[in-house]
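Here is the structure we will look at, set down as structure tokens.
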Amino acid sequence: MPTKQQLDKAAWQWAETTEPSDITNEHISTAYKLNLKPCKLGACKRNCKGNPFCLNCIGERKWFGEINDDSWHDIEDPNNERRQGQDFVGLKNLGNTCYVNTFLQLWFHSPPIRRALYKFRETNMGDKVDDDWKPSSIGGHLQAIFSLLELSERAFISPQDFIDHLGLDAALQQDAQEFSKLFLSLLEECLSQQDDPSVRNIIQEQLCGDYAYVTTCSGCQNSSQTHSKFYELDLHIQGHKTLEDSITDFLHEEKLEGDNQYMCSTCCSKQNAKRAIQLKRLPPILNLQLLRFVFDKKTGHKKKLNGFIQFPETLDMSKFMTSNGNHTHNDNSPQSGSIYRLKAVLIHRGPSAYSGHYIAHILDESSGVWYKFNDEETTKMKGSNLHLGTEEDLQETSAKQKGKVPKGYHSSRNAYMLVYTRQMPMEEKDKVIDLKMPDKSYLPHYMLDYVKKDNENFEMWVAELLMMREQNIESGKEKQEEIRQTFSRLVVGTEDQEIHNYEWISLPWLSHWLEDPGKAKPVNNEMALCQHGKLHPDRAGKMKCVQYDAVNSLYEKYQGGPRLPGDKATCLICVRSRCKVLRTKRKMIEDEKLFSTMKKMEDPIAEPSFWVGKSSFRSWKRLVLEQLEDYHGDRDSLEQGTDNGVDHPSSGTTEISADKSMEVPDDTCTKDNCERERKLSEVDDGDSKSVDKTDMSAADESMESSLQFNEDLLCELHGQLDPDPSRRKLIPEKLWIRLREYFPDCPEFSSSHPVCQKCCDKNKEETENQNTNKRLAQVQKADLADIFNNKKRPVKLVTGEEIFVVSLQFVEEWRRFVKDPVKNDPVLEVKNIRLLCEHRKYMHPPPQNGADLTDNSEVVYLWPQEFEKVMEHFVVDYEVSVVAYEEEDNSVHVITLPEICQECLQQRENMIEMAKYVYRDATIFVRKAVKDKQGDVSLDSSKQDYPDPDFCANDRRKSESEEPPEKMQKLDGNSLRKSQRHRKVRGEKELKISSDQTLRDLKLQLMKLFSVPPFDQNLTIAGVALADDKATLGSLRVAPGDVIMLQADEPVEDPGVLQDLMNVSGVPEAGFKGTGLLGK
């Protein structure tokens, strides 16, 4: 099969020798390529884009190949959520409920608590319950969680009912330690109503210990004790490196002296005393709360302490216990029942108290193996040792920070709770429950039914998903076979071609249908139609011919249209129009050769000649094509975007351009023909290869696109020959006759035709006016050269000398006229009324009592002799002058004529001042200052995010007091004035602000730039503190360009903490208020 370009050329080769009126059906069939042989399905390696009967490689291959079963569905295998063997079951995180999940796993893995909860009984329960039954008490819900964790077939379960019963907000992360305290108190109250003492007293027996506050009088040595129960010990970790240090700090002795003396009942007076906590009885399960989350009084928020703490695997509590009131620190032999083994480590990952993730590491006592519980995931650790490395952000931790960890110890910066269990004697270890062996004997029947129902629901869910997967696969295979059969029937055979049993259909639509039949839109052939309602010959390349009977099924299913049956859809009118265009363009190529020859003739032209517009002559080829019938409209429609409202796929068609389809076949491409084809491809460009190389202005281009041929040499007002010779040129009569054949109705002007006299008179008048203005500008510039060049201006008032004033607006207008008197009108009047108020008094007094006349942006000061010249050249409406005179006491006073209007001047200054503090998106500069070790304040230059071009240039530092020469403005003689441009210094940053934002908003912006929280920011402008956070910047008189000094009290380095502060700023903490933990 020839290439598409070859087929495009062959389709219109007949047009070179055929007149439009002689076109036959054979010509039409060739133009639409209906004479080509159909391609068999699978015979082509790529689509024959020039053959409408080729349906290969348009997206059908995926339907005729093997399709993986997984392609027909997006359902994951539900068995992935099935519990594997006797693995521990995880808990689903419902949003931010990971802190609840860690405690549920912890309590579940405590055999005594778990056994007691199995014995729990709901009140008023029968043997049978409804299918939709749910527990009604906190004990019942915890029993349900434990039962599912042991007996569920799921890999993880949802604690949704438990969370809902407590009234917790699943999207809000709460304080884990506070949750533990409140929940155990609530659970103990619930269990206290049980008849079974092993259930009723389980919290007291397993978690409760005793300590006493012991106060000893220093005078009589009498001691008083106040006993108290505890469920966990709250240990401070700030300033401590080991768990033993924290416990020692918890038990440290406090001295009661001075105003805090103890009232001794024995001495009957206030005495110095010592007070300490003494541990009396330790529970079997010892909960040690590490106080990582503390309240910061300065910020008003909680913060997390991220320091490392070391803790042992085996904890000897005997040295912290008392015997007869004395601590047993010196007893080297551990007391029985005081040796504890590490049971669990609860971890909080994250730098802030307001965000992060909770994970539990728990020891399975039956196997002696540690497990990691991370919500849905339960992971068995390698070996028998605890591994916290993955939880400690080792990439951010240096060995120096962590310290050397002794053998038998662990170190963590994220552990917030440690759980130790009393080491049992060897004879009792055999009684430990194997947590992986279900123990259903204690569970009530209704709870077993509850678990059974949940497992049945899980199995039904798995079966439904598997069935859905199979149905989708079966449906997909049926769909594949249907597409195969339908597409195979669409292919046009030789017999169908001979009897015209085929129909045109959009190729982009076919490709889109093959890509996803379920998303295919109705067939849309509208974009392929010509203005006569038939198939446009230039758009046939976007269409394909398909078997007539087979395509009916597609229209029945997808609707759409219009339908284009075989050779009846071809358009004779469009074919004739295209033929005419081709023949005209061929003729244009021949004429262009003649024009090129004529251009080389030497001027002047001896034979009769005619005027032609340069623009028209440059674009004559484009103008010829534009006037051809329907050509311009067809090209516009061809250049539109996509077809059928469907994107063109990569395997779709290639659009046949108007120019390319005119080319001749390669087998007839001689050297002359190739040159002709090259020129032919340039015809539509018009302006791209111009005959005349004269540059076009923007006006010429605009005129070329709107005027008809030779209308560009007409004058605009009278329609006669334009006097401007630059817009036209002479061409020989022979050349003009050729052009007239293309444009018979165009304006004609012979070389002897007179130009428009009215335009000549007007041009002459304009030229005289321009010459007059030029002479006037030269005279005025010579007389007022210093004003024009802004040289030798008055700098200050001299006593007794009168200085005159004109408005700066007048001087600027006059300078523009002098610089270009042709384009600008002359200035006739000095309008000093602009400088006066409504009372006709002066509004612009000289600053500094006349000591500096340079600092005024609205007036220009003139010497007396200069003002005399101004009076000669211009009409001055009001004379304004300034005079300085000396009083008898040698004081200098300044008067103005007219006098200053103090009332209007004050109003004007007030308005300017008010406008100064009303702005949006203005720039200010902020410099950070910090205190050094001696307490001195200096600019912070320790951090530089980017090179400062104003501070460093070629690695040479400029002194802050130094001003480069180019930033100095020369005034008069040796007088210099520094530039007002802001000079940036190291550590300074720019900030966009608006006058209506508050100081608090500004501080939040600065927190992002400098990592300094708002409460640590001290802001000043020129030594004045900015203190009111609720006040707007405008009311605080912060103006654009101001430099704000930021002094940070205590820099905060962790960006996560700053982000959390921004999120919770201004929002009061509600804690567990309104939940079931506090009785709602």
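Naming scheme: A, B, ... for chains in displayed order of the structure tokens; residues 1 onward per chain; ligands 1 onward as shown.
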
If you run DSSP over the backbone, which residues in region 732-856 of chain A end up strand (DSSP E or B)? Put them as a list of chain:residue names.
-> A:Pro732, A:Phe749, A:Ser750, A:Thr799, A:Glu802, A:Ile803, A:Phe804, A:Val805, A:Val806, A:Ser807, A:Glu829, A:Val830, A:Leu836, A:Tyr842

Where does region 538-622 of chain A meet region 752-759 of chain A within 9 Å, residue by residue, with the nearest atom pair and distance in Å to one decimal for each, counting only C-alpha atoms, listed by chain and rising number, as JSON lines?
```
{"residue": "A:Ser609", "atom": "CA", "partner": "A:Ser752", "partner_atom": "CA", "distance": 8.8}
{"residue": "A:Phe610", "atom": "CA", "partner": "A:Ser752", "partner_atom": "CA", "distance": 8.5}
{"residue": "A:Trp611", "atom": "CA", "partner": "A:His753", "partner_atom": "CA", "distance": 8.9}
```

Same residues, C-alpha atoms, output as a PDB file, in the first residue's frame:
```pdb
ATOM      1  CA  SER A 609       2.389  50.843 -16.421  1.00  0.00           C
ATOM      2  CA  PHE A 610      -0.148  50.818 -13.584  1.00  0.00           C
ATOM      3  CA  TRP A 611      -0.166  51.532  -9.877  1.00  0.00           C
TER       4      TRP A 611
END
```

Just give me the gap between CA of Leu182 (chain A) and CA of Tyr371 (chain A) in Å, one decimal is fine.
-> 26.2 Å

Any idea what's packed within 10 Å of Leu628 (chain A), counting only C-alpha atoms, ignoring anything in its chain fewer than 4 positions away? Could you give it as a ChimeraX atom specification?
-> /A:577-578,580-581,584,623-624,632,742

Write the selection just made, keeping N, CA and C atoms, as a JSON list (two decimals), in the first residue's frame?
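out19.json written:
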```json
[["chain", "number", "residue", "atom", "x", "y", "z"],
["A", 577, "SER", "N", -15.41, 22.58, -6.42],
["A", 577, "SER", "CA", -14.75, 23.73, -5.79],
["A", 577, "SER", "C", -13.28, 23.44, -5.54],
["A", 578, "ARG", "N", -12.98, 22.25, -5.07],
["A", 578, "ARG", "CA", -11.60, 21.89, -4.84],
["A", 578, "ARG", "C", -10.82, 21.83, -6.15],
["A", 580, "LYS", "N", -11.42, 23.55, -8.80],
["A", 580, "LYS", "CA", -11.21, 24.94, -9.23],
["A", 580, "LYS", "C", -10.05, 25.56, -8.47],
["A", 581, "VAL", "N", -9.98, 25.30, -7.17],
["A", 581, "VAL", "CA", -8.89, 25.82, -6.37],
["A", 581, "VAL", "C", -7.55, 25.28, -6.86],
["A", 584, "THR", "N", -6.64, 26.85, -10.18],
["A", 584, "THR", "CA", -6.26, 28.26, -9.98],
["A", 584, "THR", "C", -4.87, 28.37, -9.39],
["A", 623, "LEU", "N", -5.23, 36.65, -1.49],
["A", 623, "LEU", "CA", -6.49, 37.31, -1.89],
["A", 623, "LEU", "C", -7.20, 36.54, -2.99],
["A", 624, "VAL", "N", -6.42, 35.89, -3.88],
["A", 624, "VAL", "CA", -7.04, 35.08, -4.93],
["A", 624, "VAL", "C", -7.78, 33.91, -4.31],
["A", 632, "HIS", "N", -12.42, 29.75, 1.63],
["A", 632, "HIS", "CA", -12.01, 30.30, 2.92],
["A", 632, "HIS", "C", -12.77, 29.66, 4.06],
["A", 742, "TYR", "N", -7.55, 37.89, -12.20],
["A", 742, "TYR", "CA", -7.95, 37.39, -10.88],
["A", 742, "TYR", "C", -8.89, 38.37, -10.17]]
```
